[in-house]
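Have a look at the structure below, then the notes.
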Amino acid sequence: LADRLGLPVVATGQVHMHHRERQPLQDVLTALRHHSSVDQAGLRLFQNAERYLRPPEVLQRLYPRAWLEQTLVIAQHCTFTPGELRYEYPDDLVPEGLSPVDWLAQLTREGEQRRFPQGTPSAVQALIEKELTLIRELHYEYYFLTIHDIVRFARSRSILCQGRGSAANSAVCYCLGITEVNPARVQLLFERFISRERDEPPDIDVDFEHERREEVIQYIYQRYGRERAALAATVIRYRPRSAIRDVGKALGFDPALVEQLLSGIDWRDRETDWRQQILDKGLTRNPAVANQFFTLVNSLLGFPRHLSQHVGGFVISAGPLSELVPTENAAMADRTVIQWDKEDLESLGLMKVDILALGMLTAIRKALDLISDEKGQPFTLQDIPEEDPETYQMLRQGDSIGVFQVESRAQINMLPRLKPETYYDLVIQVAIVRPGPIQGDMVHPYLKRKAGLEPVSYPSPEIQGVLERTLGVPIFQEQAIKLAMVAANFSAGEADRLRRAMAAWKSHGDLTSFRDKLVNGMLDNGHDAEFAERLYQQICGFGGYGFPESHAASFALLVYTSAWIKRHFPPAFYCALLNSQPMGFYSASQLVQDARRHGVTVLPVDVNHSDWHHTLAGSQKPLRLGLRQIRGLARKSAERLLEQRPAQGFHSATDLRQRTGLGQKELELLAGAGAFATISGHRHQTYWQLLEQPETTPLWVTEAVRQSYQDPTAPVDLTEIQLAAPGEGQDVLADYATQGLSLGRHPLALLREQGHLANCLNAEQLLGVRPGQPVQVAGLVTGRQRPGSASGVTFVTLEDETGNINVVVWLATARRQRKPLITARLLHVKGVIEREGDIIHLMAGKLTDLSHLIHTLPVSSRDFH
């Protein structure tokens, strides 16, 4: 064929693996690709292991020399390098007659007047001039104009948004409305955002309401066209759980066996790894099969599994994007995706803006709408007063369930210790409960200094300028970078390389290449060796975990806003949170319980009173649960019910069926949720009324109905039969099954009443227990956490009828009692009480799984987030 066509022949081995020993893994991946098992894949598998990267001596035996030489000819033609790609910013945002520099400066000045109506502070004016100069030098005007345009669109649609991350270091971004961090309130490090030495595109992350982000995404596609805008991809890689499942599937394991293998595995145990934990289960009777299974799983770890959409990274270009990168249609409608991931795009210097979703912005906007309704006039973010003492008092008490960023158990425990009194205290609060400050031993020194128990000192005025706002303790990543500059003479470029090395700490764990320059630089500047070594160790502690001040400053604004709403308008706060689910740290059940503890009246779902969303109604602003809370009920079905609901309400289940035309499934979902209670009285009666019986029969009738049988031919209305109401326990189970929550008594209260929890104290009773006293408790497991900085300690949160119980499980205890710790839904704990101020912990000794007592109760926990 080559002779006839006058073409050369080239040798090719159709290589699929680097070594022939990888053939079993190739077979597994082929089977998975075809949704098959290996033994059923048939001819889809290769018949031998010859498609590997053969060494040159083998190739020379197999192919003529001319064929091999032709491979080099082809290789020499492949001269393209990614550096040849030339990205251009979109340039269609500037009015005619203006340059992009002038237009950006004009927009910045207009924003400056809005932000500082009483006059711009001189320091901020200097920052703006410095930033505009650097932006002009590096030709980033179009980038800022593009982000400004997106934010402008969102605000025109009343979509709350806020820039975060390094962009919060920018005074220009503040003036353009991209971020909300006032440069007059925090110390900015613009070099972390844009650096002349780094010479790479800035990266702006903007959070939008999570329920309305799609509007912003579609605006970008409409503005630039799908040929010029696309979402970045994320490569999802195999981790132990997914590798075990897929290898088990490929090898034909029973799915139930695979789930048994995965059940109860503690993935964070660094000494007894997951492989040994599986072997300890004794489920693998054939050592050869087990060995093959583990070998394949280990080989698969880290492999790309599939391509997914990045959470919001958009690339926008001046010309067709497909000329720069390969694109494809996304699985979701009206979306285009780049086939490369975020790191690839950054390497090529392509402009990327993250259009992110944040549930708290949705909740805040809905809460503001509810407050506006209550006040009878618009109420906006700007109407929330700054530095409200009552808000800080609430936070100092650790009352922060549902409040943005400070709702985890660790944050709740820190609040009474840090005692925030100002906005900047919240900036520190957000950043200090992180592995970086904890591992760098910065938390306790800061708390002691804030409480006045330890003097604050600074080795030099330069260092005081960097650390004064955090009492001499480096809390933020920017401070570590600035310290390197002022204490060790790092240039801005060297400091940025240090930042990158810190960010790569988790992958490489090595900052030693910077140690000599850091330590020697500090010694040269007159600092003592102890200070130099301590600072270096603190920077190592930041590695991979250091929280930027700009990020914390953005988040602290939302902490304060959400806390203020909770303190002053609790019904609106909880209603908005529930209407924004799924989001945040707590389930709807936990939010409802906290709302009731704060005096909010919560009313049940009702076909005659509920809307689709949760609502506030009446003079006392009771919170009425909405139809959205009913699991499985489609919104279209609920809207049909609301459209057909008469002003006086439905008078029976039959009336509702006839008016709405809802099917039996939807009616039973409503009945199961107790939504007919005001009509039928209880669930059993509603189910009876909804039964479709073609013929009536004189069985199980009341005496009143029986009298109608004097005439045997007379029809009988069985809906008049009164059935016994379900018991309290049955109602609670039905509530959780249909809504995930109950307004009845807590399941723990019922179990306690039945005598199942003898000698167990509740969360309220623990307040009166002295430190060191042994106690027993039991509760529903709502969360398990094991921070990377906690030396293997697991923090478990239990919920009972009076509140939450914090349980601390040391590593040795966790290993001995791994199964109840990991799998229990209802956990009994024997332990010893420890107290620090108002903070109570139970140090666990004996763990017992009592899940059999609630085997039909559908509750779940939020584990290891």
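The way I read the labels, and the way they are meant: chains A, B, ... in the order of the structure tokens, residue 1 as the first residue of every chain, and ligand 1 as the first ligand shown, with later ones counted on from there.
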Exercise for the section: List every residue of segment 120-250 of chain A that DSSP, applied to the backbone, labels as alpha helix (DSSP H), and write the result as a ChimeraX atom specification. Expected result: /A:122-138,141-156,171-175,213-224,240-250
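Taking only segment 575-684 of chain A, the residues that DSSP calls strand (DSSP E or B) from the backbone come to Val602, Leu603, Thr615, Leu616, Leu623 and Arg624 of chain A.
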Problem - Contacts of segment 83-97 of chain A at 9 Å (only C-alpha atoms; same-chain gap of 3+ positions) as a ChimeraX atom specification - result: /A:80,100,103-104,140,142-143,145-146,149,224,228,316-319,323-324,348-351
Which residues, written as a CSV table (one decimal) with all heavy atoms, in the first residue's frame, have at least one atom at most 10 Å from Ala677 of chain A, with only C-alpha atoms counted and residues fewer than 4 positions away on the same chain left out?
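around.csv written:
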chain,number,residue,atom,x,y,z
A,604,PRO,N,-45.9,23.8,61.5
A,604,PRO,CA,-45.7,22.6,60.5
A,604,PRO,C,-46.2,22.9,59.1
A,604,PRO,O,-46.9,23.9,58.8
A,604,PRO,CB,-46.6,21.5,61.2
A,604,PRO,CG,-47.6,22.2,61.9
A,604,PRO,CD,-47.0,23.5,62.4
A,605,VAL,N,-45.8,22.0,58.2
A,605,VAL,CA,-46.2,22.1,56.8
A,605,VAL,C,-47.8,21.8,56.8
A,605,VAL,O,-48.3,20.9,57.6
A,605,VAL,CB,-45.6,21.0,56.0
A,605,VAL,CG1,-46.1,20.9,54.6
A,605,VAL,CG2,-44.0,21.2,56.0
A,606,ASP,N,-48.5,22.6,56.0
A,606,ASP,CA,-49.9,22.5,56.0
A,606,ASP,C,-50.4,22.9,54.6
A,606,ASP,O,-50.0,23.9,54.1
A,606,ASP,CB,-50.5,23.5,57.0
A,606,ASP,CG,-52.0,23.2,57.3
A,606,ASP,OD1,-52.8,23.4,56.3
A,606,ASP,OD2,-52.4,22.8,58.4
A,607,VAL,N,-51.3,22.0,54.1
A,607,VAL,CA,-51.8,22.2,52.7
A,607,VAL,C,-52.6,23.5,52.6
A,607,VAL,O,-52.7,24.0,51.5
A,607,VAL,CB,-52.6,21.0,52.2
A,607,VAL,CG1,-51.7,19.8,52.0
A,607,VAL,CG2,-53.8,20.7,53.1
A,608,ASN,N,-53.1,24.0,53.7
A,608,ASN,CA,-54.0,25.2,53.6
A,608,ASN,C,-53.2,26.5,54.0
A,608,ASN,O,-53.8,27.6,53.9
A,608,ASN,CB,-55.2,25.0,54.6
A,608,ASN,CG,-56.3,24.2,53.9
A,608,ASN,OD1,-56.4,24.1,52.7
A,608,ASN,ND2,-57.1,23.6,54.7
A,671,ALA,N,-49.6,13.5,52.8
A,671,ALA,CA,-50.2,12.9,54.0
A,671,ALA,C,-49.1,12.4,55.0
A,671,ALA,O,-49.2,12.6,56.2
A,671,ALA,CB,-51.1,11.7,53.6
A,673,ALA,N,-46.3,13.6,55.4
A,673,ALA,CA,-45.6,14.8,56.1
A,673,ALA,C,-46.6,15.4,57.1
A,673,ALA,O,-46.2,16.4,57.8
A,673,ALA,CB,-45.2,15.8,55.1
A,681,GLY,N,-56.9,15.6,60.9
A,681,GLY,CA,-56.6,15.3,62.3
A,681,GLY,C,-55.2,14.6,62.5
A,681,GLY,O,-54.4,15.0,63.3
A,682,HIS,N,-55.0,13.5,61.7
A,682,HIS,CA,-53.7,12.8,61.9
A,682,HIS,C,-53.5,12.0,60.6
A,682,HIS,O,-54.3,11.8,59.7
A,682,HIS,CB,-53.7,11.9,63.1
A,682,HIS,CG,-54.8,10.9,63.2
A,682,HIS,ND1,-54.9,9.7,62.5
A,682,HIS,CD2,-56.0,10.9,63.9
A,682,HIS,CE1,-56.0,9.1,62.7
A,682,HIS,NE2,-56.7,9.8,63.6
A,683,ARG,N,-52.2,11.4,60.5
A,683,ARG,CA,-51.8,10.7,59.3
A,683,ARG,C,-52.7,9.5,59.0
A,683,ARG,O,-53.1,9.3,57.8
A,683,ARG,CB,-50.4,10.3,59.5
A,683,ARG,CG,-49.3,11.4,59.4
A,683,ARG,CD,-47.9,10.8,59.6
A,683,ARG,NE,-46.9,11.8,59.4
A,683,ARG,CZ,-46.4,12.6,60.3
A,683,ARG,NH1,-46.9,12.5,61.5
A,683,ARG,NH2,-45.5,13.5,60.0
A,685,GLN,N,-55.8,8.9,59.5
A,685,GLN,CA,-57.1,9.2,59.0
A,685,GLN,C,-56.9,9.8,57.6
A,685,GLN,O,-57.8,9.5,56.7
A,685,GLN,CB,-57.7,10.3,59.9
A,685,GLN,CG,-59.2,10.5,59.7
A,685,GLN,CD,-60.0,9.3,60.0
A,685,GLN,OE1,-59.6,8.6,60.9
A,685,GLN,NE2,-61.1,9.0,59.3
A,686,THR,N,-55.9,10.5,57.3
A,686,THR,CA,-55.7,11.0,56.0
A,686,THR,C,-55.4,9.9,55.0
A,686,THR,O,-56.0,9.9,53.9
A,686,THR,CB,-54.5,12.0,56.0
A,686,THR,OG1,-54.7,13.0,56.9
A,686,THR,CG2,-54.3,12.6,54.6
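For segment 830-833 of chain A, the non-local neighbours within 8 Å, defined as residues at least 3 positions apart in the same chain or in other chains and counting only C-alpha atoms, are Val769, Arg770, Pro771, Gly772, Gln773, Pro774, Val775, Gln776, Val777, Ile840, His841, Leu842, Met843, Ala844, Gly845, Lys846 and Leu847 of chain A.
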Store the residues picked out above in a file with all heavy atoms, as a compact mmCIF listing (two decimals), in the first residue's frame.
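Output file out-v4.txt follows:
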# COMPACT_ATOMS: atom_id res chain seq x y z
N VAL A 769 -21.91 20.02 85.70
CA VAL A 769 -20.96 18.97 86.09
C VAL A 769 -19.58 19.58 86.31
O VAL A 769 -19.11 20.40 85.50
CB VAL A 769 -20.90 17.87 85.00
CG1 VAL A 769 -19.83 16.84 85.34
CG2 VAL A 769 -22.26 17.21 84.87
N ARG A 770 -18.91 19.18 87.38
CA ARG A 770 -17.58 19.73 87.66
C ARG A 770 -16.53 19.04 86.79
O ARG A 770 -16.69 17.88 86.38
CB ARG A 770 -17.23 19.54 89.14
CG ARG A 770 -17.07 18.09 89.55
CD ARG A 770 -16.71 17.94 91.03
NE ARG A 770 -16.47 16.55 91.36
CZ ARG A 770 -17.39 15.66 91.67
NH1 ARG A 770 -18.66 16.03 91.67
NH2 ARG A 770 -17.07 14.42 91.96
N PRO A 771 -15.43 19.72 86.50
CA PRO A 771 -14.35 19.12 85.71
C PRO A 771 -13.79 17.87 86.38
O PRO A 771 -13.68 17.80 87.61
CB PRO A 771 -13.30 20.23 85.65
CG PRO A 771 -14.05 21.50 85.92
CD PRO A 771 -15.16 21.13 86.84
N GLY A 772 -13.45 16.88 85.55
CA GLY A 772 -12.88 15.64 86.06
C GLY A 772 -13.90 14.60 86.46
O GLY A 772 -13.54 13.46 86.79
N GLN A 773 -15.19 14.96 86.44
CA GLN A 773 -16.23 14.01 86.85
C GLN A 773 -16.56 13.06 85.71
O GLN A 773 -16.77 13.50 84.58
CB GLN A 773 -17.48 14.77 87.27
CG GLN A 773 -18.62 13.88 87.75
CD GLN A 773 -19.80 14.68 88.26
OE1 GLN A 773 -19.63 15.82 88.70
NE2 GLN A 773 -20.98 14.10 88.21
N PRO A 774 -16.61 11.75 85.97
CA PRO A 774 -17.00 10.80 84.92
C PRO A 774 -18.51 10.88 84.68
O PRO A 774 -19.30 10.99 85.63
CB PRO A 774 -16.60 9.45 85.49
CG PRO A 774 -16.58 9.64 86.97
CD PRO A 774 -16.21 11.08 87.21
N VAL A 775 -18.91 10.85 83.41
CA VAL A 775 -20.33 10.93 83.06
C VAL A 775 -20.62 10.00 81.89
O VAL A 775 -19.69 9.50 81.23
CB VAL A 775 -20.76 12.37 82.67
CG1 VAL A 775 -20.59 13.33 83.83
CG2 VAL A 775 -19.97 12.84 81.46
N GLN A 776 -21.90 9.79 81.63
CA GLN A 776 -22.36 9.06 80.45
C GLN A 776 -23.32 9.96 79.68
O GLN A 776 -24.15 10.65 80.29
CB GLN A 776 -23.09 7.77 80.84
CG GLN A 776 -22.27 6.76 81.60
CD GLN A 776 -23.06 5.50 81.91
OE1 GLN A 776 -23.73 4.94 81.03
NE2 GLN A 776 -23.00 5.06 83.16
N VAL A 777 -23.20 9.94 78.38
CA VAL A 777 -24.11 10.70 77.53
C VAL A 777 -24.48 9.84 76.33
O VAL A 777 -23.84 8.82 76.04
CB VAL A 777 -23.49 12.02 77.02
CG1 VAL A 777 -23.08 12.91 78.18
CG2 VAL A 777 -22.30 11.75 76.11
N ILE A 840 -17.30 23.19 77.26
CA ILE A 840 -17.32 21.86 77.90
C ILE A 840 -17.00 20.80 76.86
O ILE A 840 -17.59 20.79 75.78
CB ILE A 840 -18.70 21.58 78.53
CG1 ILE A 840 -19.02 22.62 79.61
CG2 ILE A 840 -18.74 20.17 79.12
CD1 ILE A 840 -20.41 22.49 80.19
N HIS A 841 -16.06 19.92 77.20
CA HIS A 841 -15.75 18.79 76.35
C HIS A 841 -15.86 17.51 77.16
O HIS A 841 -15.54 17.50 78.36
CB HIS A 841 -14.33 18.88 75.78
CG HIS A 841 -14.19 19.90 74.69
ND1 HIS A 841 -13.71 21.17 74.90
CD2 HIS A 841 -14.48 19.84 73.37
CE1 HIS A 841 -13.70 21.84 73.76
NE2 HIS A 841 -14.16 21.06 72.82
N LEU A 842 -16.29 16.47 76.50
CA LEU A 842 -16.31 15.14 77.12
C LEU A 842 -15.18 14.33 76.51
O LEU A 842 -15.19 14.05 75.31
CB LEU A 842 -17.65 14.46 76.88
CG LEU A 842 -17.78 13.03 77.43
CD1 LEU A 842 -17.61 13.00 78.94
CD2 LEU A 842 -19.14 12.42 77.05
N MET A 843 -14.19 13.98 77.32
CA MET A 843 -13.07 13.18 76.84
C MET A 843 -13.49 11.71 76.86
O MET A 843 -13.70 11.13 77.94
CB MET A 843 -11.83 13.40 77.72
CG MET A 843 -11.59 14.86 78.10
SD MET A 843 -11.61 16.01 76.69
CE MET A 843 -10.07 15.54 75.92
N ALA A 844 -13.64 11.14 75.68
CA ALA A 844 -14.27 9.82 75.55
C ALA A 844 -13.37 8.70 76.07
O ALA A 844 -12.15 8.71 75.87
CB ALA A 844 -14.62 9.56 74.09
N GLY A 845 -14.00 7.75 76.73
CA GLY A 845 -13.30 6.53 77.15
C GLY A 845 -13.89 5.31 76.47
O GLY A 845 -13.23 4.60 75.73
N LYS A 846 -15.20 5.10 76.66
CA LYS A 846 -15.90 3.94 76.11
C LYS A 846 -16.98 4.42 75.14
O LYS A 846 -17.82 5.26 75.47
CB LYS A 846 -16.52 3.12 77.24
CG LYS A 846 -17.43 1.99 76.80
CD LYS A 846 -16.66 0.89 76.09
CE LYS A 846 -17.57 -0.30 75.78
NZ LYS A 846 -16.89 -1.32 74.98
N LEU A 847 -16.95 3.87 73.92
CA LEU A 847 -17.95 4.21 72.90
C LEU A 847 -18.82 3.00 72.63
O LEU A 847 -18.30 1.88 72.46
CB LEU A 847 -17.27 4.64 71.59
CG LEU A 847 -16.22 5.75 71.68
CD1 LEU A 847 -15.59 5.98 70.31
CD2 LEU A 847 -16.82 7.04 72.20
Exercise for the section: Fewer than 4 positions away in the same chain doesn't count, so skip those; otherwise give me all residues within 7 Å of segment 244-252 of chain A, counting only C-alpha atoms, as number ranges by chain. Expected result: A: 28, 31-32, 36-38, 240, 258, 297
Just-selected residues, all heavy atoms written as a compact mmCIF listing (two decimals), in the first residue's frame:
# COMPACT_ATOMS: atom_id res chain seq x y z
N VAL A 28 -8.47 -3.81 33.50
CA VAL A 28 -9.43 -3.25 34.45
C VAL A 28 -10.00 -1.93 33.91
O VAL A 28 -11.21 -1.70 33.91
CB VAL A 28 -8.77 -3.04 35.83
CG1 VAL A 28 -9.61 -2.10 36.70
CG2 VAL A 28 -8.58 -4.37 36.52
N ALA A 31 -12.35 -2.51 30.95
CA ALA A 31 -13.65 -3.01 31.41
C ALA A 31 -14.49 -1.87 32.00
O ALA A 31 -15.68 -1.75 31.72
CB ALA A 31 -13.44 -4.12 32.45
N LEU A 32 -13.86 -1.02 32.80
CA LEU A 32 -14.59 0.10 33.41
C LEU A 32 -15.09 1.06 32.34
O LEU A 32 -16.21 1.57 32.44
CB LEU A 32 -13.69 0.83 34.40
CG LEU A 32 -13.35 0.08 35.70
CD1 LEU A 32 -12.30 0.84 36.49
CD2 LEU A 32 -14.60 -0.12 36.54
N SER A 36 -18.29 -2.73 32.15
CA SER A 36 -18.32 -4.18 32.17
C SER A 36 -17.36 -4.67 33.25
O SER A 36 -16.63 -3.90 33.86
CB SER A 36 -17.91 -4.73 30.79
OG SER A 36 -17.73 -6.13 30.82
N SER A 37 -17.38 -5.97 33.50
CA SER A 37 -16.35 -6.60 34.33
C SER A 37 -15.32 -7.23 33.39
O SER A 37 -15.59 -7.45 32.20
CB SER A 37 -16.95 -7.66 35.24
OG SER A 37 -17.56 -8.68 34.48
N VAL A 38 -14.15 -7.54 33.92
CA VAL A 38 -13.09 -8.09 33.08
C VAL A 38 -13.52 -9.40 32.43
O VAL A 38 -13.28 -9.63 31.23
CB VAL A 38 -11.80 -8.29 33.91
CG1 VAL A 38 -10.74 -9.05 33.11
CG2 VAL A 38 -11.25 -6.93 34.36
N PRO A 240 -8.80 6.36 47.36
CA PRO A 240 -9.02 4.97 47.79
C PRO A 240 -10.46 4.48 47.65
O PRO A 240 -10.69 3.39 47.13
CB PRO A 240 -8.57 5.00 49.26
CG PRO A 240 -7.50 6.03 49.28
CD PRO A 240 -7.95 7.09 48.32
N VAL A 258 -18.22 -5.28 48.39
CA VAL A 258 -17.43 -4.05 48.27
C VAL A 258 -17.85 -3.04 49.33
O VAL A 258 -17.01 -2.38 49.95
CB VAL A 258 -17.59 -3.45 46.85
CG1 VAL A 258 -16.88 -2.10 46.76
CG2 VAL A 258 -17.04 -4.41 45.80
N VAL A 297 -5.67 -1.66 43.05
CA VAL A 297 -6.16 -0.43 43.69
C VAL A 297 -5.02 0.56 43.88
O VAL A 297 -5.14 1.75 43.55
CB VAL A 297 -6.85 -0.74 45.04
CG1 VAL A 297 -7.13 0.55 45.80
CG2 VAL A 297 -8.15 -1.50 44.82
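Across the structure, atom CA of Pro287 of chain A and atom CA of Gly264 of chain A are spaced 21.7 Å apart.
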